[in-house]
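Student: After the structure tokens below, expect a handful of questions from me.
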Amino acid sequence: MTQPVSDEAPLHFNAFDMLVPVHQSPGLWRHPESQIDQFDQLSYWTGLSQTLEQAGFSCLFLADVPGVYDVYGGDHQASARGGVQFPLLDLQVIIPALAQATEHLGFGITASATYEHPYLLARRFATLDHLTGGRIAWNIVTSYQESAARNLGLSGQIPHDERYDRADEFMEVMYKLFETSFDDDAVTINRQDGVFVDPQKVHQIGHSSRWYQVPGPMLTHPGPQRTPLLFQAGSSARGQQFAVDHGEAIFVVNANTKSLAAQVVDTRRKLAEAGRAPESVKFFAMATVIVAETEAEAQQRLEQYREYVDTEAALALFGGWTGVDLSGLDEEAYVEDVTTDANQSALAFFTKDPRRRWTVRDIAEFVSIGGRGPTIVGDPQQVVDQLLHYRRVTGIDGFNISAAVRPADFERFVHYITPELQRRGLLAERPDTPRTLRETLLGAGPHLAEDHPGSRAQMAKYVHTVV
Ligand SMILES: Cc1cc2nc3c(=O)[nH]c(=O)nc-3n(C[C@H](O)[C@H](O)[C@H](O)COP(=O)(O)O)c2cc1C
């Protein structure tokens with residue numbers, strides 16, 4: 001059940017990016033090849049999407065946060081100076097333009113169950129699902145920033161586990177809206193009878209529970225996937241439970257292969273216990289790739305990248321993730337574990353590492369290239385060998401590739417890695433006719449699998465109020 005997939009199975013690649021100057025590699029925007037100063041130009045993102053499609057990527061997975069990183073030093077100064085996920089554009093606005101510029105590429109959209117409202121978010125996802133021909137995934141996050149809470153009408157963050165409890169109910173509303181509010185044949189467009197939508201085939205959802213009251217019906221008819229493909233990325237114990245309850249694809253970040261392997265095994269076991277086919281859920285691991293013609297050139301490139309890292313910006317990024325302010329600490333000070341209401345798994349990676357104790361300087365240097373994920377360096381053959389090895393030892397299914405220098409590292413992926421993957425038959429085949437993202441990434445049908453708790457088949461148990 002938890003055997004790693006064979007080396008022969010094709011790999012899926014998603015690009016992991018964000019509409020910001022610095023996503024995962026602080027300081028690298030200053031590299032001479034970086035064009036990320038154009039991040040506010042539509043042509044940058046349409047060009048990148050076309051590059052990714054050409055490279056055989058399945059999806060452009062876009063991170064998003066609803067607040068400024070202001071933990072380090074207690075304000076926004078370091079983040080502003082370093083362009084650390086700031087300024088940040090609204091990703092949902094640009095997706096239709098990217099879909100228009102591509103045919104097969106999917107789009108992973110991060111949206112917060114803590115700060116959105118399910119009724120309007122369901123309409124937005126259904127709209128995007130229509131406009132992209134079903135190429136949409138939702139990265140369900142619960143968010144982790146005090147600054148978001150303060151700017152969005154709360155006096156402080158909702159406690160970590162409670163955010164997930166709320167998100168459970170949020171999902172329940174979404175499933176009701178996506179899966180049950182419209183029958184398949186509700187939209188009739190019958191000119192003769194003068195009926196556009198058959199009112200008998202549109203249903204109230206009658207949701208009324210602890211956090212949400214949504215009588216329905218859904219504002220928009222369902223898109224090709226009904227519910228968008230569901231990605232999930234929380235890794236704490238509560239986050240893992242949420243993944244088991246809702247995820248179809250799980251995004252993991254962990255440079256420690258042993259603990260990642262344990263996480264994959266444990267999650268698959270819990271999926272089986274919950275009555276879901278454990279292998280139907282796919283794991284994607286973040287990795288940053290630095291590739292060149294030869295190993296020596298790739299290493300040289302890495303050394304060159306190191307000249308551009310910005311350690312203050314790295315600590316601003318770390319502070320944003322974890323809620324822990326390391327400003328004013330000695331660089332050699334060890335960072336200890338604390339419980340915060342931020343991203344617990346991000347903090348635990350450093351403070352609960354069985355192999356070593358991390359100092360402030362270690363963290364800044366590690367985060368500077370490729371965030372918390374592994375950085376894979378080598379010639380094309382070595383990189384592919386390392387990706388395969390990583391898959392073999394962790395049991396993951398594919399990668400969310402992050403670029404240190406943007407978009408150069410994605411372009412280098414097309415130039416060096418794609419041909420190597422093709423040569424070895426390791427790139428998932430692309431059909432002539434575009435498919436939904438669920439079909440592409442899961443190899444399943446366009447809708448939620450029957451054993452998924454949100455599927456139409458299982459919705460009965462979600463109904464609180466029958467109207
Ligand atoms: C790989 C990964 C990617 C994430 N991406 C985002 C993101 O783009 N936006 C966001 O608000 N939270 C993001 N998160 C945060 C999670 O949704 C969650 O709020 C956070 O990890 C806290 O939950 P945890 O303690 O269960 O990990 C991400 C987390 C992980 C592990």
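Chain labels run A, B, ... following the order of the structure tokens; each chain numbers its residues from 1, and ligands are numbered from 1 in the order shown.
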Neighbours of ligand 1 at 8 Å or closer, counting only C-alpha atoms and all ligand atoms: which residues, as a ChimeraX atom specification?
Tutor: /A:62-66,110-112,139-145,160,232-240,251-253,285-286,321,342-346
Student: Neighbouring residues of Ile95 (chain A) were defined as those with any atom within 8 Å, considering only C-alpha atoms; residues of the same chain fewer than 3 positions away were excluded. Please report them as an MDAnalysis selection string.
Tutor: chainID A and resid 91:92 98:99 107 128
Student: Write the residues of the selection above to a file with N, CA and C atoms, as a short mmCIF file (atom, residue, chain, number, x, y, z; two decimals), in the first residue's frame.
Tutor:
```cif
data_model
loop_
_atom_site.label_atom_id
_atom_site.label_comp_id
_atom_site.auth_asym_id
_atom_site.auth_seq_id
_atom_site.Cartn_x
_atom_site.Cartn_y
_atom_site.Cartn_z
N LEU A 91 -3.82 36.92 -7.46
CA LEU A 91 -3.61 35.90 -8.50
C LEU A 91 -4.91 35.52 -9.22
N GLN A 92 -6.03 35.61 -8.53
CA GLN A 92 -7.27 35.12 -9.16
C GLN A 92 -7.64 35.96 -10.38
N LEU A 98 -4.06 33.73 -18.45
CA LEU A 98 -3.08 32.64 -18.57
C LEU A 98 -3.70 31.44 -19.27
N ALA A 99 -4.98 31.21 -18.98
CA ALA A 99 -5.68 30.09 -19.63
C ALA A 99 -5.80 30.33 -21.13
N PHE A 107 -3.98 25.38 -13.37
CA PHE A 107 -3.65 26.50 -12.49
C PHE A 107 -4.07 26.18 -11.07
N LEU A 128 -13.98 30.24 -12.83
CA LEU A 128 -12.66 29.90 -13.37
C LEU A 128 -12.66 28.50 -13.98
#
```
Student: Given only C-alpha atoms as the basis, pick out the residue of A:Glu273, A:Glu336, A:Glu411, A:Glu312 nearest to Ala292 (chain A).
Tutor: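 Closest to Ala292 (chain A) of all the choices is A:Glu411.
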Student: What's the 12 Å shell around Arg356 (chain A), counting only C-alpha atoms, without same-chain residues fewer than 5 positions away, as a list in words?
Tutor: Asn256, Tyr334, Val335, Glu336, Phe349, Phe350, Thr351, Asp362 and Ile363 of chain A
Student: Next, dump the selected residues to file, keeping only C-alpha atoms, as a short mmCIF file (atom, residue, chain, number, x, y, z; two decimals), in the first residue's frame.
Tutor:
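The resulting file, part_34.cif, is shown below:
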```cif
data_model
loop_
_atom_site.label_atom_id
_atom_site.label_comp_id
_atom_site.auth_asym_id
_atom_site.auth_seq_id
_atom_site.Cartn_x
_atom_site.Cartn_y
_atom_site.Cartn_z
CA ASN A 256 14.41 15.81 5.36
CA TYR A 334 20.01 28.29 18.69
CA VAL A 335 16.35 28.58 17.75
CA GLU A 336 14.08 26.76 20.17
CA PHE A 349 11.17 21.60 10.53
CA PHE A 350 13.91 23.62 12.22
CA THR A 351 13.17 23.20 15.92
CA ASP A 362 21.85 28.32 9.68
CA ILE A 363 18.19 29.12 9.14
#
```
Student: What is the CA of Trp211 (chain A)-CA of Tyr119 (chain A) distance in Å, reported with one decimal?
Tutor: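 Here the two named atoms are 12.8 Å from each other.
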Student: With only C-alpha atoms as the basis for distance, which of A:Val309, A:Ala137, A:Leu441, A:Leu315 is at the shortest distance from Ile369 (chain A)?
Tutor: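 Result for the nearest residue to Ile369 (chain A): A:Val309.
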